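Working notes for the structure below.
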Amino acid sequence: MITSRYVSVNGVTIFVETNNGPREEGVMCCFGSAGRETRQFHGMMDALEDKLEVIAFDMPGHGKSWPLEGLKCLDTPTSYCEFIIDVFKELNIENPICIGCALGGNVCFYLAQHYPVRAIVSMAGTDYSPFVSQAVIDNLDHPYASVQHTHIDFTDSLIGSNVSKENRDFILWGVMTEIGRVKRADYGGVYNGFDVREDMKKITCPALVIRGADDWSESEEMHKPVLERLSNSSHLEYQVLPGISHYNPQEDPELISNVILKFLKDAEA
Amino acid sequence: MTNEEKLQKFKALQELINGPEADEFLNYWDGRFFTGDMTFIMDNVPFNMFFYKGKMIDVFIGQPSNGYNVGISGDAEQWNAFFEHRNFQLATSVKHCDRPFTNLGSALANRQNNAVIAQVARLTAKAFCD
């Protein structure tokens with residue numbers, strides 16, 4: 001059963017959810033895509049409730065977490081990822097399995113470079129993502145442009161062909177409930193400024209990189225150099241999953257959960 | 001295809017948008033909020049559509065009298081590629097597409113109406129190809 005609580009991290013009230021799974025089997029921490037909140041991982045939390053403890057938390061300003069002082073959000077890759085490490089410390093999380101989607105998929109690489117982790121799973125993630133044009137960034141938090149409307153077709157285009165209507169609808173509900181200021185910080189600041197290529201050789205833990213075959217925004221060609229830079233990973237897997245696209249944990253949570261469990265079993269055999 | 005033949009395809013698009021596609025266009029893609037000109041330039045020829053609250057009132061070859069409001073411009077190769085994949089976001093992404101469409105009008109106006117323009121573009125593909 002999923003339960004939630006609040007913790008204070010660096011003076012910010014942060015919303016945390018857990019599936020109350022068996023912590024002795026490991027703790028999986030989940031990081032979402034730009035602008036979104038913990039419910040992206042509810043499907044996986046349910047699917048894994050007998051296997052692992054799965055934790056997700058809202059970053060400052062997201063979902064039910066408070067923003068930073070001055071109604072701001074973290075808008076650089078380093079400040080964003082270091083805040084996550086501070087949350088780990090506050091929650092006494094050691095050796096987590098870090099999984100993430102899109103922006104969260106990027107974040108996993110930073111975490112594995114700077115914090116002891118058991119494994120990482122990067123879905124639709126990359127170590128270098130200067131992909132957002134300035135015209136888009138400028139208008140994400142414009143008073144005359146509602147991100148819930150201006151981004152709906154973009155989100156729609158990134159949902160896989162085999163995704164159920166229920167899962168598709170909840171992914172779209174995700175964009176319909178976004179906050180422009182959060183989206184601009186995440187997408188225009190953290191994601192667009194993300195570049196951890198230099199330190200990829202520091203990653204030695206098991207690493208699984210997942211690409212949805214329908215994802216036009218993260219092509220096969222874009223993943224190749226990422227995989228090459230993960231050359232020191234103790235166990236590297238790359239999986240391309242048909243019928244899904246960009247929002248992997250929401251598109252097919254059971255499939256993704258099973259893929260990750262098998263990866264962990266193989267990596268730790 | 002001649003420009004006159006293309007114009008006939010746009011008139012077929014008008015029938016689609018005002019007919020069988022109207023409900024989805026108006027209510028899901030927010031077309032009901034769109035009043036004004038939308039221009040698609042194909043190989044330097046502007047096809048200008050005028051909408052009133054999501055209903056396509058008119059389409060003609062030429063620039064809108066008050067200048068470009070919103071829309072996209074591309075050559076035959078770009079339009080053919082779009083007609084094939086029909087992914088408006090890919091076709092307009094300067095970071096993912098080798099030869100993206102050019103936006104007409106301000107970045108803000110195109111952003112505000114992104115979903116509406118995307119759906120008109122997809123229905124244009126339907127009118128031209130299906």
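Ordering of the structure tokens sets the chain letters (A, B, ...), residue numbers begin anew at 1 in every chain, and ligands are numbered from 1 in the order given.
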| message | Need to verify the contact set: stretch 247-256 of chain A, 8 Å, only C-alpha atoms, exclusion of same-chain residues closer than 5 positions in sequence. Can you return it as a PyMOL selection string? | response | chain A and resi 33+40-41+43-44+47+101-102+123-124+158-160+163-164+167-168+171+212
| said: as a ChimeraX atom specification, please: every residue in stretch 104-266 of chain A that DSSP puts in helix (DSSP H, G or I). | reply: /A:104-114,134-138,147-150,152-156,165-176,180-191,197-202,220-229,248-251,253-266
Exercise: stretch 110-117 of chain A partners within 9 Å, only C-alpha atoms, chain neighbours under 5 positions left out, as a compact mmCIF listing (two decimals) with N, CA and C atoms, in the first residue's frame:
# COMPACT_ATOMS: atom_id res chain seq x y z
N PRO A 77 21.37 21.59 -13.30
CA PRO A 77 21.55 20.15 -13.06
C PRO A 77 22.20 19.85 -11.73
N THR A 78 23.23 20.60 -11.37
CA THR A 78 23.95 20.30 -10.14
C THR A 78 23.08 20.55 -8.91
N CYS A 81 20.36 17.77 -8.68
CA CYS A 81 20.84 16.44 -8.29
C CYS A 81 21.41 16.43 -6.87
N GLU A 82 22.08 17.50 -6.47
CA GLU A 82 22.60 17.55 -5.11
C GLU A 82 21.47 17.58 -4.09
N ILE A 84 18.70 15.99 -4.43
CA ILE A 84 18.28 14.58 -4.33
C ILE A 84 19.18 13.84 -3.34
N ILE A 85 20.46 14.08 -3.43
CA ILE A 85 21.40 13.43 -2.51
C ILE A 85 21.10 13.86 -1.07
N GLU A 94 20.60 4.29 1.79
CA GLU A 94 21.96 3.92 1.39
C GLU A 94 21.89 2.93 0.25
N ASN A 95 22.82 3.08 -0.67
CA ASN A 95 22.95 2.14 -1.77
C ASN A 95 21.64 1.95 -2.56
N PRO A 96 20.97 3.04 -2.94
CA PRO A 96 19.68 2.88 -3.63
C PRO A 96 19.84 2.38 -5.07
N ILE A 97 18.77 1.75 -5.52
CA ILE A 97 18.64 1.51 -6.97
C ILE A 97 17.96 2.77 -7.51
N CYS A 98 18.63 3.50 -8.37
CA CYS A 98 18.07 4.76 -8.87
C CYS A 98 17.48 4.53 -10.25
N ASP A 127 23.09 11.57 -21.11
CA ASP A 127 24.05 12.33 -20.30
C ASP A 127 24.27 13.74 -20.84
N VAL A 196 26.78 15.61 -18.33
CA VAL A 196 27.67 14.90 -17.40
C VAL A 196 28.55 13.91 -18.16
N ASP A 199 32.14 12.76 -16.77
CA ASP A 199 32.27 11.86 -15.62
C ASP A 199 31.60 10.50 -15.82
N MET A 200 31.18 10.20 -17.02
CA MET A 200 30.50 8.91 -17.23
C MET A 200 31.42 7.73 -16.91
N LYS A 201 32.72 7.93 -17.08
CA LYS A 201 33.66 6.83 -16.79
C LYS A 201 33.70 6.50 -15.29
N LYS A 202 33.19 7.41 -14.46
CA LYS A 202 33.16 7.15 -13.01
C LYS A 202 32.07 6.15 -12.62
N ILE A 203 31.16 5.89 -13.54
CA ILE A 203 30.04 5.00 -13.21
C ILE A 203 30.50 3.55 -13.31
N THR A 204 30.49 2.86 -12.16
CA THR A 204 30.95 1.48 -12.14
C THR A 204 29.84 0.50 -11.74
N CYS A 205 28.71 1.03 -11.31
CA CYS A 205 27.61 0.15 -10.88
C CYS A 205 26.92 -0.47 -12.10
| task | Using only C-alpha atoms, select each residue of chain A with any atom at most 7 Å away from an atom of chain B, and give the selection as a ChimeraX atom specification. | result | /A:131-133,135,139,145,150,152-154,157,217
| said: Please list as a PyMOL selection string every residue within 9 Å of B:Ala22, counting only C-alpha atoms and excluding residues in the same chain fewer than 4 positions away. | reply: chain B and resi 16-18+26-27+31+54-55
For N, CA and C atoms, I'd like the residues from the last selection saved as an mmCIF file, in the first residue's frame.
data_model
loop_
_atom_site.group_PDB
_atom_site.id
_atom_site.type_symbol
_atom_site.label_atom_id
_atom_site.label_comp_id
_atom_site.auth_asym_id
_atom_site.auth_seq_id
_atom_site.Cartn_x
_atom_site.Cartn_y
_atom_site.Cartn_z
ATOM 1 N N LEU B 16 -13.418 18.705 -43.810
ATOM 2 C CA LEU B 16 -13.082 17.809 -42.701
ATOM 3 C C LEU B 16 -13.187 18.518 -41.358
ATOM 4 N N ILE B 17 -12.529 19.686 -41.272
ATOM 5 C CA ILE B 17 -12.461 20.417 -39.997
ATOM 6 C C ILE B 17 -13.847 20.885 -39.554
ATOM 7 N N ASN B 18 -14.642 21.290 -40.495
ATOM 8 C CA ASN B 18 -15.990 21.779 -40.148
ATOM 9 C C ASN B 18 -17.017 20.651 -40.058
ATOM 10 N N LEU B 26 -12.497 21.042 -32.135
ATOM 11 C CA LEU B 26 -12.966 22.154 -31.287
ATOM 12 C C LEU B 26 -12.747 21.871 -29.809
ATOM 13 N N ASN B 27 -13.061 20.644 -29.399
ATOM 14 C CA ASN B 27 -13.167 20.384 -27.965
ATOM 15 C C ASN B 27 -11.971 19.666 -27.350
ATOM 16 N N GLY B 31 -9.556 23.958 -30.607
ATOM 17 C CA GLY B 31 -9.798 24.788 -31.783
ATOM 18 C C GLY B 31 -10.846 25.868 -31.551
ATOM 19 N N GLY B 54 -12.747 28.415 -34.331
ATOM 20 C CA GLY B 54 -12.448 27.046 -34.723
ATOM 21 C C GLY B 54 -13.138 26.576 -35.987
ATOM 22 N N LYS B 55 -14.009 27.392 -36.538
ATOM 23 C CA LYS B 55 -14.634 27.024 -37.813
ATOM 24 C C LYS B 55 -13.819 27.642 -38.944
#
| message | What does the structure give for the distance between atom CA of A:Cys73 and atom CA of A:Tyr144, in Å to one decimal? | response | 20.6 Å
| task | Name the residues in contact with A:Val87 at a cut-off of 9 Å, using only C-alpha atoms, excluding same-chain residues fewer than 3 positions from it; report them as a ChimeraX atom specification. | result | /A:7-10,14,57,82-84,90-93
| said: Considering only strand (DSSP E) as DSSP defines it on the backbone, what residues of stretch 12-82 of chain B qualify? List them as a PyMOL selection string. | reply: chain B and resi 36-42+45-52+55-61+70-74
Just write the chosen residues, C-alpha atoms, as a PDB file, in the first residue's frame.
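Saved result, part_37.pdb, follows:
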ATOM      1  CA  GLY B  36      -7.674  34.405 -37.021  1.00  0.00           C
ATOM      2  CA  ASP B  37      -5.342  33.453 -39.836  1.00  0.00           C
ATOM      3  CA  MET B  38      -3.283  30.276 -40.027  1.00  0.00           C
ATOM      4  CA  THR B  39      -0.939  29.968 -42.986  1.00  0.00           C
ATOM      5  CA  PHE B  40       0.806  26.911 -44.375  1.00  0.00           C
ATOM      6  CA  ILE B  41       3.453  27.741 -46.966  1.00  0.00           C
ATOM      7  CA  MET B  42       4.247  24.964 -49.408  1.00  0.00           C
ATOM      8  CA  VAL B  45       3.207  29.414 -51.937  1.00  0.00           C
ATOM      9  CA  PRO B  46       1.121  30.562 -48.937  1.00  0.00           C
ATOM     10  CA  PHE B  47      -2.194  28.817 -48.358  1.00  0.00           C
ATOM     11  CA  ASN B  48      -4.032  30.994 -45.877  1.00  0.00           C
ATOM     12  CA  MET B  49      -6.879  29.701 -43.746  1.00  0.00           C
ATOM     13  CA  PHE B  50      -9.142  31.998 -41.757  1.00  0.00           C
ATOM     14  CA  PHE B  51     -10.913  30.582 -38.675  1.00  0.00           C
ATOM     15  CA  TYR B  52     -13.685  31.955 -36.506  1.00  0.00           C
ATOM     16  CA  LYS B  55     -14.634  27.024 -37.813  1.00  0.00           C
ATOM     17  CA  MET B  56     -12.653  27.362 -41.038  1.00  0.00           C
ATOM     18  CA  ILE B  57     -14.370  30.219 -42.863  1.00  0.00           C
ATOM     19  CA  ASP B  58     -12.128  30.598 -45.870  1.00  0.00           C
ATOM     20  CA  VAL B  59      -8.947  29.414 -47.548  1.00  0.00           C
ATOM     21  CA  PHE B  60      -7.087  31.168 -50.360  1.00  0.00           C
ATOM     22  CA  ILE B  61      -3.663  31.444 -51.924  1.00  0.00           C
ATOM     23  CA  VAL B  70       0.631  31.611 -37.002  1.00  0.00           C
ATOM     24  CA  GLY B  71       1.624  28.743 -39.251  1.00  0.00           C
ATOM     25  CA  ILE B  72       4.520  26.863 -40.771  1.00  0.00           C
ATOM     26  CA  SER B  73       6.563  26.986 -43.943  1.00  0.00           C
ATOM     27  CA  GLY B  74       8.428  24.234 -45.765  1.00  0.00           C
TER      28      GLY B  74
END
| task | Just give me the gap between atom CA of B:Glu24 and atom CA of A:His149 in Å, one decimal is fine. | result |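 For atom CA of B:Glu24 relative to atom CA of A:His149, the distance reads 14.8 Å.
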Please list as a PDB file with N, CA and C atoms, in the first residue's frame every residue within 10 Å of B:Lys126, counting only C-alpha atoms and excluding residues in the same chain fewer than 3 positions away.
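This went into around_28.pdb:
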ATOM      1  N   LYS B   9      -7.317  20.620 -52.218  1.00  0.00           N
ATOM      2  CA  LYS B   9      -7.074  19.768 -51.041  1.00  0.00           C
ATOM      3  C   LYS B   9      -7.369  20.556 -49.756  1.00  0.00           C
ATOM      4  N   ALA B  12     -10.911  20.570 -49.226  1.00  0.00           N
ATOM      5  CA  ALA B  12     -11.319  19.287 -48.624  1.00  0.00           C
ATOM      6  C   ALA B  12     -11.011  19.287 -47.130  1.00  0.00           C
ATOM      7  N   LEU B  13      -9.889  19.903 -46.767  1.00  0.00           N
ATOM      8  CA  LEU B  13      -9.548  20.044 -45.353  1.00  0.00           C
ATOM      9  C   LEU B  13     -10.617  20.846 -44.618  1.00  0.00           C
ATOM     10  N   LEU B  16     -13.418  18.705 -43.810  1.00  0.00           N
ATOM     11  CA  LEU B  16     -13.082  17.809 -42.701  1.00  0.00           C
ATOM     12  C   LEU B  16     -13.187  18.518 -41.358  1.00  0.00           C
ATOM     13  N   PHE B  83       4.023  14.475 -44.195  1.00  0.00           N
ATOM     14  CA  PHE B  83       2.863  13.668 -44.593  1.00  0.00           C
ATOM     15  C   PHE B  83       3.107  12.176 -44.316  1.00  0.00           C
ATOM     16  N   ARG B  86       3.727  12.362 -39.916  1.00  0.00           N
ATOM     17  CA  ARG B  86       2.606  13.105 -39.308  1.00  0.00           C
ATOM     18  C   ARG B  86       2.859  13.489 -37.844  1.00  0.00           C
ATOM     19  N   VAL B 120      -4.375  20.877 -37.178  1.00  0.00           N
ATOM     20  CA  VAL B 120      -4.673  21.305 -38.558  1.00  0.00           C
ATOM     21  C   VAL B 120      -3.638  20.695 -39.510  1.00  0.00           C
ATOM     22  N   ALA B 121      -2.389  20.653 -39.085  1.00  0.00           N
ATOM     23  CA  ALA B 121      -1.352  20.067 -39.942  1.00  0.00           C
ATOM     24  C   ALA B 121      -1.618  18.578 -40.182  1.00  0.00           C
ATOM     25  N   ARG B 122      -2.003  17.856 -39.113  1.00  0.00           N
ATOM     26  CA  ARG B 122      -2.291  16.426 -39.286  1.00  0.00           C
ATOM     27  C   ARG B 122      -3.498  16.210 -40.197  1.00  0.00           C
ATOM     28  N   LEU B 123      -4.500  17.058 -40.033  1.00  0.00           N
ATOM     29  CA  LEU B 123      -5.678  16.913 -40.905  1.00  0.00           C
ATOM     30  C   LEU B 123      -5.357  17.320 -42.339  1.00  0.00           C
ATOM     31  N   CYS B 129      -3.474  13.162 -48.492  1.00  0.00           N
ATOM     32  CA  CYS B 129      -2.928  11.826 -48.763  1.00  0.00           C
ATOM     33  C   CYS B 129      -3.908  10.662 -48.607  1.00  0.00           C
ATOM     34  N   ASP B 130      -4.925  10.805 -47.774  1.00  0.00           N
ATOM     35  CA  ASP B 130      -5.753   9.626 -47.479  1.00  0.00           C
ATOM     36  C   ASP B 130      -6.945   9.499 -48.421  1.00  0.00           C
TER      37      ASP B 130
END
Cut-off 7 Å: closest stretch 40-108 of chain A/stretch 16-27 of chain A atom pairs per residue, using only C-alpha atoms, as CSV:
residue,atom,partner,partner_atom,distance
A:Met45,CA,A:Asn19,CA,5.4
A:Asp46,CA,A:Asn19,CA,6.9
A:Glu49,CA,A:Gly21,CA,4.7
A:Asp50,CA,A:Gly21,CA,5.7
A:Lys51,CA,A:Gly21,CA,6.4
A:Leu52,CA,A:Gly21,CA,4.9
A:Glu53,CA,A:Gly21,CA,3.9
A:Val54,CA,A:Asn19,CA,5.5
A:Ile55,CA,A:Thr18,CA,4.5
A:Ala56,CA,A:Glu17,CA,5.3
A:Phe57,CA,A:Val16,CA,4.3
A:Asp58,CA,A:Val16,CA,6.7
A:Pro96,CA,A:Val27,CA,5.2
A:Ile97,CA,A:Val27,CA,6.1
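Proximity ranking of A:Arg39, A:Tyr191, A:Asn162, A:Pro130 relative to A:Ile2 places A:Arg39 first, based on only C-alpha atoms.
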| One-decimal distance in Å that lies between atom CA of A:Glu237 and atom CA of A:Glu221 | 16.1 Å
| Of the candidates A:Val259, A:Cys108, A:Ala34, A:Met28, which shows the shortest atom-to-atom distance to A:Tyr238, using only C-alpha atoms? |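 Ranked by minimum distance to A:Tyr238, first place goes to A:Val259.
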